[in-house]
Amino acid sequence: MRTRFAPSPTGPLHLGHAFSALTAADLARRQDGTFLLRIEDIDRTRCRPEHEAAILADLAWLGLSWPEPVLRQSDHLPRYARALDRLAALGLTYPCRCTRADIRAALSAPQENAPSPLYPGTCRHRPMSDAAPGDAIRLDLARALALAGPLEFTETGPLHPGTHPADPTPLGDVVLARRDIGTAYHLAVVVDDARQGITHVVRGADLWEATPLHRLLQHLLGLPVPVWHHHRLIRDASGRRLAKRDDARALATLRAEGVTPERIRRQLGFP
Ligand code: GLU
């Protein structure tokens with residue numbers, strides 16, 4: 001049994017991250033498993049080494065530990081390229097030169113309340129031999145679904161427990177490789193969960209909609225299939241989901257104010 005916490009070092013960790021990390025670590029502890037850490041830093045325009053250092057310090061302060069070395073995605077770009085090549089060899093990808101804003105929306109981990117628009121398929125007719133530097137690479141979802149056939153995934157979290165059909169149709173032809181970094185969240189996450197031997201993917205409910213796609217990519221890439229555990233999101237007093245901009249809830253701020261890790265654990269409902 002292996003779980004992970006996979007933050008992107010784009011800002012300070014806040015209570016929502018603490019909840020996610022503690023949920024994963026707690027599950028691992030109760031099932032005699034292993035809690036792993038992964039730094040999701042493929043987006044070099046937004047990730048900073050100082051945020052990564054602060055993340056490690058915050059998690060250690062919370063009382064968490066993990067086996068070293070920590071997997072840092074930016075160290076493994078060739079592995080994502082190989083996975084992309086495999087999907088291309090199956091005839092499931094195409095190059096896309098549509099707008100940057102479109103691509104950005106599709107590439108970072110999807111954010112709650114901001115669904116990216118469905119890609120209209122403008123470039124779907126283009127063969128991979130036509131790929132030019134500066135093109136993104138998209139998944140031809142209709143072809144991928146036709147090849148894979150019906151799939152299911154198992155959710156063990158409290159919000160939607162059970163077995164669900166894995167239908168990524170609402171996501172459309174997602175970007176598998178950004179024009180600037182040669183990979184993207186959806187591809188990197190499935191490659192790394194397999195690489196780290198993750199059996200229980202613990203993460204926030206904001207990534208629930210991405211799960212059918214991850215299940216499909218695992219199938220197409222011949223990767224082992226974990227179970228998922230999506231947890232509730234921690235909200236502020238007005239009901240808004242906490243975001244990295246909410247520095248007042250940053251763990252570092254709370255720590256500087258004298259809040260103890262024990263109090264944070266209790267506040268978030270952990271023993
Ligand atoms: N790196 C993602 C985030 O910070 C989490 C991805 C995942 O857990 O699958 O939102």
# chains A, B, ... in the order shown; residues from 1 in each chain; ligands from 1
$ closest_atom_pairs --of "chain A" --to "ligand 1" --cutoff "8 Å" --atoms "only C-alpha atoms and all ligand atoms" --output "JSON lines"
{"residue": "A:Arg4", "atom": "CA", "partner": "ligand 1", "partner_atom_place_in_ligand_line": "8 (O)", "distance": 7.8}
{"residue": "A:Phe5", "atom": "CA", "partner": "ligand 1", "partner_atom_place_in_ligand_line": "8 (O)", "distance": 6.4}
{"residue": "A:Ala6", "atom": "CA", "partner": "ligand 1", "partner_atom_place_in_ligand_line": "1 (N)", "distance": 5.0}
{"residue": "A:Pro7", "atom": "CA", "partner": "ligand 1", "partner_atom_place_in_ligand_line": "4 (O)", "distance": 4.1}
{"residue": "A:Ser8", "atom": "CA", "partner": "ligand 1", "partner_atom_place_in_ligand_line": "4 (O)", "distance": 4.6}
{"residue": "A:Pro9", "atom": "CA", "partner": "ligand 1", "partner_atom_place_in_ligand_line": "4 (O)", "distance": 7.9}
{"residue": "A:Ile39", "atom": "CA", "partner": "ligand 1", "partner_atom_place_in_ligand_line": "1 (N)", "distance": 7.5}
{"residue": "A:Glu40", "atom": "CA", "partner": "ligand 1", "partner_atom_place_in_ligand_line": "1 (N)", "distance": 5.2}
{"residue": "A:Ala109", "atom": "CA", "partner": "ligand 1", "partner_atom_place_in_ligand_line": "10 (O)", "distance": 5.6}
{"residue": "A:Pro110", "atom": "CA", "partner": "ligand 1", "partner_atom_place_in_ligand_line": "10 (O)", "distance": 7.8}
{"residue": "A:Tyr185", "atom": "CA", "partner": "ligand 1", "partner_atom_place_in_ligand_line": "6 (C)", "distance": 7.6}
{"residue": "A:Val189", "atom": "CA", "partner": "ligand 1", "partner_atom_place_in_ligand_line": "9 (O)", "distance": 6.0}
{"residue": "A:Val201", "atom": "CA", "partner": "ligand 1", "partner_atom_place_in_ligand_line": "8 (O)", "distance": 7.1}
{"residue": "A:Val202", "atom": "CA", "partner": "ligand 1", "partner_atom_place_in_ligand_line": "8 (O)", "distance": 6.6}
{"residue": "A:Arg203", "atom": "CA", "partner": "ligand 1", "partner_atom_place_in_ligand_line": "8 (O)", "distance": 4.7}
{"residue": "A:Gly204", "atom": "CA", "partner": "ligand 1", "partner_atom_place_in_ligand_line": "8 (O)", "distance": 7.1}
{"residue": "A:Leu207", "atom": "CA", "partner": "ligand 1", "partner_atom_place_in_ligand_line": "9 (O)", "distance": 6.8}
$ write_last_selection --atoms "all heavy atoms" --output "short mmCIF file (atom, residue, chain, number, x, y, z; two decimals), in the first residue's frame"
data_model
loop_
_atom_site.label_atom_id
_atom_site.label_comp_id
_atom_site.auth_asym_id
_atom_site.auth_seq_id
_atom_site.Cartn_x
_atom_site.Cartn_y
_atom_site.Cartn_z
N ARG A 4 0.65 8.98 -1.93
CA ARG A 4 1.57 10.09 -2.18
C ARG A 4 0.86 11.43 -1.99
O ARG A 4 -0.35 11.54 -2.05
CB ARG A 4 2.20 9.98 -3.56
CG ARG A 4 1.46 10.20 -4.88
CD ARG A 4 0.02 10.30 -4.92
NE ARG A 4 -0.52 10.44 -6.25
CZ ARG A 4 -1.20 11.53 -6.69
NH1 ARG A 4 -1.44 12.54 -5.91
NH2 ARG A 4 -1.69 11.55 -7.92
N PHE A 5 1.70 12.44 -1.74
CA PHE A 5 1.26 13.82 -1.77
C PHE A 5 2.09 14.47 -2.87
O PHE A 5 3.31 14.30 -2.90
CB PHE A 5 1.50 14.48 -0.41
CG PHE A 5 1.16 15.94 -0.37
CD1 PHE A 5 -0.12 16.38 -0.70
CD2 PHE A 5 2.11 16.88 0.02
CE1 PHE A 5 -0.44 17.74 -0.66
CE2 PHE A 5 1.79 18.23 0.07
CZ PHE A 5 0.53 18.66 -0.27
N ALA A 6 1.42 15.18 -3.78
CA ALA A 6 2.12 15.64 -4.99
C ALA A 6 1.92 17.14 -5.23
O ALA A 6 1.26 17.55 -6.18
CB ALA A 6 1.61 14.84 -6.20
N PRO A 7 2.48 17.97 -4.37
CA PRO A 7 2.27 19.42 -4.53
C PRO A 7 3.07 20.01 -5.69
O PRO A 7 4.12 19.47 -6.07
CB PRO A 7 2.77 19.98 -3.20
CG PRO A 7 3.83 19.02 -2.77
CD PRO A 7 3.37 17.66 -3.24
N SER A 8 2.58 21.10 -6.22
CA SER A 8 3.33 21.90 -7.19
C SER A 8 3.94 23.07 -6.44
O SER A 8 3.21 23.78 -5.74
CB SER A 8 2.39 22.42 -8.29
OG SER A 8 1.79 21.33 -8.96
N PRO A 9 5.25 23.29 -6.57
CA PRO A 9 5.89 24.36 -5.80
C PRO A 9 5.67 25.73 -6.41
O PRO A 9 6.60 26.40 -6.85
CB PRO A 9 7.36 23.96 -5.80
CG PRO A 9 7.53 23.13 -7.02
CD PRO A 9 6.22 22.47 -7.31
N ILE A 39 7.29 16.10 -6.16
CA ILE A 39 7.25 17.53 -6.46
C ILE A 39 6.85 17.69 -7.93
O ILE A 39 7.60 17.29 -8.83
CB ILE A 39 8.61 18.20 -6.17
CG1 ILE A 39 8.98 18.04 -4.68
CG2 ILE A 39 8.60 19.66 -6.58
CD1 ILE A 39 8.06 18.77 -3.71
N GLU A 40 5.67 18.26 -8.16
CA GLU A 40 5.15 18.38 -9.53
C GLU A 40 5.55 19.75 -10.09
O GLU A 40 4.79 20.72 -10.02
CB GLU A 40 3.63 18.17 -9.53
CG GLU A 40 3.27 16.77 -9.03
CD GLU A 40 2.02 16.18 -9.65
OE1 GLU A 40 1.08 16.94 -9.96
OE2 GLU A 40 1.97 14.94 -9.82
N ALA A 109 -3.14 21.36 -13.47
CA ALA A 109 -4.17 20.53 -12.86
C ALA A 109 -5.45 21.35 -12.87
O ALA A 109 -5.45 22.52 -12.52
CB ALA A 109 -3.76 20.18 -11.45
N PRO A 110 -6.57 20.76 -13.32
CA PRO A 110 -7.79 21.54 -13.45
C PRO A 110 -8.21 22.16 -12.11
O PRO A 110 -8.07 21.53 -11.08
CB PRO A 110 -8.83 20.52 -13.90
CG PRO A 110 -8.15 19.22 -13.99
CD PRO A 110 -6.70 19.37 -13.67
N TYR A 185 0.35 17.90 -17.15
CA TYR A 185 -0.08 17.29 -15.88
C TYR A 185 -0.62 15.87 -16.05
O TYR A 185 -0.18 14.94 -15.36
CB TYR A 185 -1.14 18.19 -15.22
CG TYR A 185 -1.91 17.46 -14.14
CD1 TYR A 185 -1.30 17.10 -12.95
CD2 TYR A 185 -3.25 17.11 -14.33
CE1 TYR A 185 -1.99 16.40 -11.97
CE2 TYR A 185 -3.95 16.42 -13.36
CZ TYR A 185 -3.32 16.07 -12.18
OH TYR A 185 -4.00 15.37 -11.23
N VAL A 189 1.33 12.69 -14.39
CA VAL A 189 0.78 12.13 -13.16
C VAL A 189 0.60 10.62 -13.28
O VAL A 189 0.90 9.88 -12.34
CB VAL A 189 -0.52 12.88 -12.77
CG1 VAL A 189 -1.72 12.40 -13.54
CG2 VAL A 189 -0.81 12.74 -11.29
N VAL A 201 -4.23 6.61 -4.87
CA VAL A 201 -4.03 8.01 -5.26
C VAL A 201 -4.93 8.88 -4.38
O VAL A 201 -6.14 8.88 -4.55
CB VAL A 201 -4.36 8.23 -6.75
CG1 VAL A 201 -4.32 9.71 -7.10
CG2 VAL A 201 -3.40 7.44 -7.63
N VAL A 202 -4.31 9.58 -3.43
CA VAL A 202 -5.06 10.45 -2.52
C VAL A 202 -4.91 11.88 -3.00
O VAL A 202 -3.79 12.36 -3.20
CB VAL A 202 -4.52 10.32 -1.08
CG1 VAL A 202 -5.24 11.29 -0.15
CG2 VAL A 202 -4.66 8.89 -0.58
N ARG A 203 -6.04 12.58 -3.21
CA ARG A 203 -5.96 13.97 -3.69
C ARG A 203 -7.32 14.63 -3.52
O ARG A 203 -8.32 13.98 -3.18
CB ARG A 203 -5.50 14.01 -5.14
CG ARG A 203 -6.43 13.28 -6.08
CD ARG A 203 -5.82 13.20 -7.47
NE ARG A 203 -6.71 12.55 -8.42
CZ ARG A 203 -6.35 12.21 -9.64
NH1 ARG A 203 -5.13 12.44 -10.07
NH2 ARG A 203 -7.22 11.63 -10.45
N GLY A 204 -7.37 15.92 -3.79
CA GLY A 204 -8.58 16.70 -3.57
C GLY A 204 -9.69 16.39 -4.57
O GLY A 204 -9.43 15.92 -5.69
N LEU A 207 -9.91 17.13 -8.40
CA LEU A 207 -9.32 16.32 -9.47
C LEU A 207 -10.17 15.10 -9.81
O LEU A 207 -9.77 14.26 -10.63
CB LEU A 207 -7.89 15.91 -9.10
CG LEU A 207 -6.94 17.12 -9.13
CD1 LEU A 207 -5.61 16.81 -8.45
CD2 LEU A 207 -6.70 17.58 -10.56
#
$ residues_around --residues "segment 47-57 of chain A" --least-positions-apart "4" --cutoff "8 Å" --atoms "only C-alpha atoms" --output "ChimeraX atom specification"
/A:8-13,39,41-43,61
$ select_by_dssp --residues "segment 79-212 of chain A" --states "strand (DSSP E or B)" --output "VMD selection string"
chain A and resid 93 to 96 136 to 139 152 to 155 162 to 165 175 to 177 200 to 204
$ write_last_selection --atoms "N, CA and C atoms" --output "compact mmCIF listing (two decimals), in the first residue's frame"
# COMPACT_ATOMS: atom_id res chain seq x y z
N THR A 93 -2.51 10.59 -31.14
CA THR A 93 -2.12 11.97 -30.82
C THR A 93 -2.08 12.82 -32.09
N TYR A 94 -2.15 14.12 -31.92
CA TYR A 94 -1.96 15.03 -33.06
C TYR A 94 -1.37 16.35 -32.57
N PRO A 95 -0.61 17.02 -33.46
CA PRO A 95 -0.03 18.30 -33.08
C PRO A 95 -1.08 19.41 -33.18
N CYS A 96 -0.96 20.39 -32.31
CA CYS A 96 -1.96 21.46 -32.24
C CYS A 96 -1.28 22.80 -32.10
N ALA A 136 1.67 22.06 -29.53
CA ALA A 136 1.30 21.19 -28.42
C ALA A 136 0.89 19.85 -29.02
N ILE A 137 0.83 18.81 -28.19
CA ILE A 137 0.35 17.50 -28.66
C ILE A 137 -0.92 17.16 -27.88
N ARG A 138 -1.97 16.82 -28.61
CA ARG A 138 -3.25 16.48 -27.98
C ARG A 138 -3.58 15.01 -28.16
N LEU A 139 -4.43 14.53 -27.26
CA LEU A 139 -4.96 13.18 -27.35
C LEU A 139 -6.21 13.21 -28.24
N GLU A 152 -13.39 1.07 -16.08
CA GLU A 152 -13.96 1.48 -14.79
C GLU A 152 -12.83 1.89 -13.87
N PHE A 153 -13.17 2.64 -12.83
CA PHE A 153 -12.19 2.90 -11.78
C PHE A 153 -12.85 2.78 -10.42
N THR A 154 -12.02 2.53 -9.41
CA THR A 154 -12.54 2.31 -8.06
C THR A 154 -12.15 3.47 -7.15
N GLU A 155 -13.16 4.03 -6.51
CA GLU A 155 -12.96 5.14 -5.58
C GLU A 155 -13.18 4.63 -4.17
N GLY A 162 -17.04 3.49 -4.40
CA GLY A 162 -17.58 2.46 -5.31
C GLY A 162 -16.85 2.42 -6.62
N THR A 163 -17.42 1.65 -7.55
CA THR A 163 -16.82 1.50 -8.87
C THR A 163 -17.60 2.37 -9.85
N HIS A 164 -16.87 3.11 -10.69
CA HIS A 164 -17.50 4.08 -11.59
C HIS A 164 -17.05 3.83 -13.03
N PRO A 165 -17.91 4.10 -14.01
CA PRO A 165 -17.44 4.07 -15.39
C PRO A 165 -16.40 5.17 -15.59
N VAL A 175 -4.59 18.26 -23.77
CA VAL A 175 -3.19 18.43 -24.13
C VAL A 175 -2.36 17.43 -23.32
N LEU A 176 -1.56 16.64 -24.03
CA LEU A 176 -0.65 15.69 -23.38
C LEU A 176 0.76 16.26 -23.25
N ALA A 177 1.07 17.19 -24.13
CA ALA A 177 2.39 17.83 -24.08
C ALA A 177 2.23 19.30 -24.43
N HIS A 200 -2.74 3.80 -3.92
CA HIS A 200 -3.88 4.64 -3.50
C HIS A 200 -3.57 6.09 -3.84
N VAL A 201 -4.23 6.61 -4.87
CA VAL A 201 -4.03 8.01 -5.26
C VAL A 201 -4.93 8.88 -4.38
N VAL A 202 -4.31 9.58 -3.43
CA VAL A 202 -5.06 10.45 -2.52
C VAL A 202 -4.91 11.88 -3.00
N ARG A 203 -6.04 12.58 -3.21
CA ARG A 203 -5.96 13.97 -3.69
C ARG A 203 -7.32 14.63 -3.52
N GLY A 204 -7.37 15.92 -3.79
CA GLY A 204 -8.58 16.70 -3.57
C GLY A 204 -9.69 16.39 -4.57
$ residues_around --residues "segment 62-67 of chain A" --least-positions-apart "6" --cutoff "7 Å" --atoms "only C-alpha atoms" --output "PDB file with all heavy atoms, in the first residue's frame"
ATOM      1  N   PHE A  35       4.085   6.387   2.713  1.00  0.00           N
ATOM      2  CA  PHE A  35       3.673   7.710   2.233  1.00  0.00           C
ATOM      3  C   PHE A  35       4.835   8.309   1.448  1.00  0.00           C
ATOM      4  O   PHE A  35       5.949   8.403   1.958  1.00  0.00           O
ATOM      5  CB  PHE A  35       3.319   8.581   3.448  1.00  0.00           C
ATOM      6  CG  PHE A  35       3.189  10.043   3.135  1.00  0.00           C
ATOM      7  CD1 PHE A  35       2.055  10.538   2.513  1.00  0.00           C
ATOM      8  CD2 PHE A  35       4.207  10.936   3.474  1.00  0.00           C
ATOM      9  CE1 PHE A  35       1.938  11.904   2.230  1.00  0.00           C
ATOM     10  CE2 PHE A  35       4.089  12.295   3.193  1.00  0.00           C
ATOM     11  CZ  PHE A  35       2.953  12.772   2.569  1.00  0.00           C
ATOM     12  N   LEU A  36       4.572   8.680   0.186  1.00  0.00           N
ATOM     13  CA  LEU A  36       5.637   9.245  -0.646  1.00  0.00           C
ATOM     14  C   LEU A  36       5.332  10.692  -0.994  1.00  0.00           C
ATOM     15  O   LEU A  36       4.175  11.126  -0.971  1.00  0.00           O
ATOM     16  CB  LEU A  36       5.775   8.436  -1.946  1.00  0.00           C
ATOM     17  CG  LEU A  36       6.310   7.028  -1.721  1.00  0.00           C
ATOM     18  CD1 LEU A  36       5.255   6.004  -2.043  1.00  0.00           C
ATOM     19  CD2 LEU A  36       7.537   6.799  -2.553  1.00  0.00           C
ATOM     20  N   LEU A  37       6.390  11.388  -1.337  1.00  0.00           N
ATOM     21  CA  LEU A  37       6.261  12.780  -1.744  1.00  0.00           C
ATOM     22  C   LEU A  37       6.728  12.906  -3.192  1.00  0.00           C
ATOM     23  O   LEU A  37       7.664  12.220  -3.618  1.00  0.00           O
ATOM     24  CB  LEU A  37       7.130  13.649  -0.831  1.00  0.00           C
ATOM     25  CG  LEU A  37       7.099  15.148  -1.066  1.00  0.00           C
ATOM     26  CD1 LEU A  37       5.694  15.711  -0.845  1.00  0.00           C
ATOM     27  CD2 LEU A  37       8.077  15.843  -0.118  1.00  0.00           C
ATOM     28  N   PRO A 261       1.621  22.101  15.286  1.00  0.00           N
ATOM     29  CA  PRO A 261       1.158  21.070  14.344  1.00  0.00           C
ATOM     30  C   PRO A 261       0.022  20.238  14.947  1.00  0.00           C
ATOM     31  O   PRO A 261      -0.892  19.837  14.225  1.00  0.00           O
ATOM     32  CB  PRO A 261       2.385  20.200  14.099  1.00  0.00           C
ATOM     33  CG  PRO A 261       3.544  20.888  14.697  1.00  0.00           C
ATOM     34  CD  PRO A 261       3.058  21.997  15.564  1.00  0.00           C
TER      35      PRO A 261
END
$ atom_distance --atom1 "atom CA of Val259 of chain A" --atom2 "atom CA of Ala205 of chain A"
26.7 Å
$ atom_distance --atom1 "atom CA of Leu151 of chain A" --atom2 "atom CA of Leu213 of chain A"
10.2 Å
$ atom_distance --atom1 "atom CA of Ala144 of chain A" --atom2 "atom CA of Leu216 of chain A"
8.0 Å
$ residues_around --residues "Phe19 of chain A" --least-positions-apart "2" --cutoff "10 Å" --atoms "only C-alpha atoms" --output "compact mmCIF listing (two decimals) with N, CA and C atoms, in the first residue's frame"
# COMPACT_ATOMS: atom_id res chain seq x y z
N HIS A 14 -0.88 25.67 2.28
CA HIS A 14 -1.88 26.17 3.24
C HIS A 14 -2.61 24.99 3.86
N LEU A 15 -3.65 25.30 4.63
CA LEU A 15 -4.36 24.24 5.37
C LEU A 15 -4.91 23.16 4.45
N GLY A 16 -5.33 23.54 3.24
CA GLY A 16 -5.86 22.55 2.30
C GLY A 16 -4.79 21.53 1.92
N HIS A 17 -3.56 22.01 1.72
CA HIS A 17 -2.48 21.07 1.43
C HIS A 17 -2.19 20.18 2.63
N ALA A 21 -2.09 16.14 2.56
CA ALA A 21 -0.90 15.38 2.95
C ALA A 21 -1.21 14.49 4.16
N LEU A 22 -1.94 15.04 5.13
CA LEU A 22 -2.25 14.25 6.34
C LEU A 22 -3.21 13.11 6.00
N THR A 23 -4.15 13.34 5.08
CA THR A 23 -5.06 12.26 4.67
C THR A 23 -4.28 11.10 4.06
N ALA A 24 -3.34 11.43 3.19
CA ALA A 24 -2.54 10.37 2.55
C ALA A 24 -1.65 9.67 3.57
N ALA A 25 -0.99 10.45 4.42
CA ALA A 25 -0.06 9.85 5.39
C ALA A 25 -0.82 9.00 6.40
N ARG A 203 -6.04 12.58 -3.21
CA ARG A 203 -5.96 13.97 -3.69
C ARG A 203 -7.32 14.63 -3.52
N GLY A 204 -7.37 15.92 -3.79
CA GLY A 204 -8.58 16.70 -3.57
C GLY A 204 -9.69 16.39 -4.57
N HIS A 231 -10.60 13.51 -1.50
CA HIS A 231 -11.08 14.05 -0.22
C HIS A 231 -11.73 15.42 -0.43
N ARG A 232 -12.50 15.83 0.56
CA ARG A 232 -13.16 17.13 0.49
C ARG A 232 -12.11 18.24 0.45
N LEU A 233 -12.54 19.41 0.00
CA LEU A 233 -11.63 20.56 -0.05
C LEU A 233 -11.85 21.41 1.20
N ILE A 234 -10.77 21.98 1.69
CA ILE A 234 -10.87 22.86 2.86
C ILE A 234 -11.23 24.26 2.36
N ILE A 264 -3.18 21.99 14.35
CA ILE A 264 -3.60 21.89 12.94
C ILE A 264 -4.20 20.51 12.67
N ARG A 265 -3.56 19.50 13.17
CA ARG A 265 -4.10 18.13 13.01
C ARG A 265 -5.51 18.04 13.59
N GLN A 267 -7.63 20.49 14.27
CA GLN A 267 -8.54 21.37 13.53
C GLN A 267 -9.01 20.68 12.24
N LEU A 268 -8.14 19.90 11.63
CA LEU A 268 -8.48 19.24 10.36
C LEU A 268 -9.12 17.87 10.58
N GLY A 269 -9.30 17.48 11.86
CA GLY A 269 -10.02 16.25 12.15
C GLY A 269 -9.17 15.00 12.26
N PHE A 270 -7.85 15.19 12.47
CA PHE A 270 -6.98 14.02 12.63
C PHE A 270 -6.67 13.79 14.10
$ closest_residue --among "A:Ala184, A:Ile198, A:Ala131, A:Leu254" --to "Arg38 of chain A" --atoms "only C-alpha atoms"
A:Ile198
$ select_by_dssp --residues "segment 45-258 of chain A" --states "helix (DSSP H, G or I)" --output "ChimeraX atom specification"
/A:49-61,73-89,100-107,128-130,141-148,169-171,185-195,205-221,247-249,251-256
$ residues_around --residues "Leu77 of chain A" --least-positions-apart "2" --cutoff "9 Å" --atoms "only C-alpha atoms" --output "list in words"
Ile42, Gln73, Ser74, Asp75, Arg79, Tyr80, Ala81, Arg82, Ile181, Gly182, Thr183 and Ala188 of chain A
$ residues_around --residues "Asp236 of chain A" --least-positions-apart "5" --cutoff "9 Å" --atoms "only C-alpha atoms" --output "PyMOL selection string"
chain A and resi 241-242+249
$ write_last_selection --atoms "C-alpha atoms" --output "short mmCIF file (atom, residue, chain, number, x, y, z; two decimals), in the first residue's frame"
data_model
loop_
_atom_site.label_atom_id
_atom_site.label_comp_id
_atom_site.auth_asym_id
_atom_site.auth_seq_id
_atom_site.Cartn_x
_atom_site.Cartn_y
_atom_site.Cartn_z
CA ARG A 241 -11.77 26.87 -1.59
CA LEU A 242 -8.37 27.87 -0.20
CA ARG A 249 -3.82 30.39 5.80
#
$ residues_around --residues "Leu90 of chain A" --least-positions-apart "2" --cutoff "12 Å" --atoms "only C-alpha atoms" --output "MDAnalysis selection string"
chainID A and resid 83:88 92:94 128 139:140 143:144 146:148 220:221
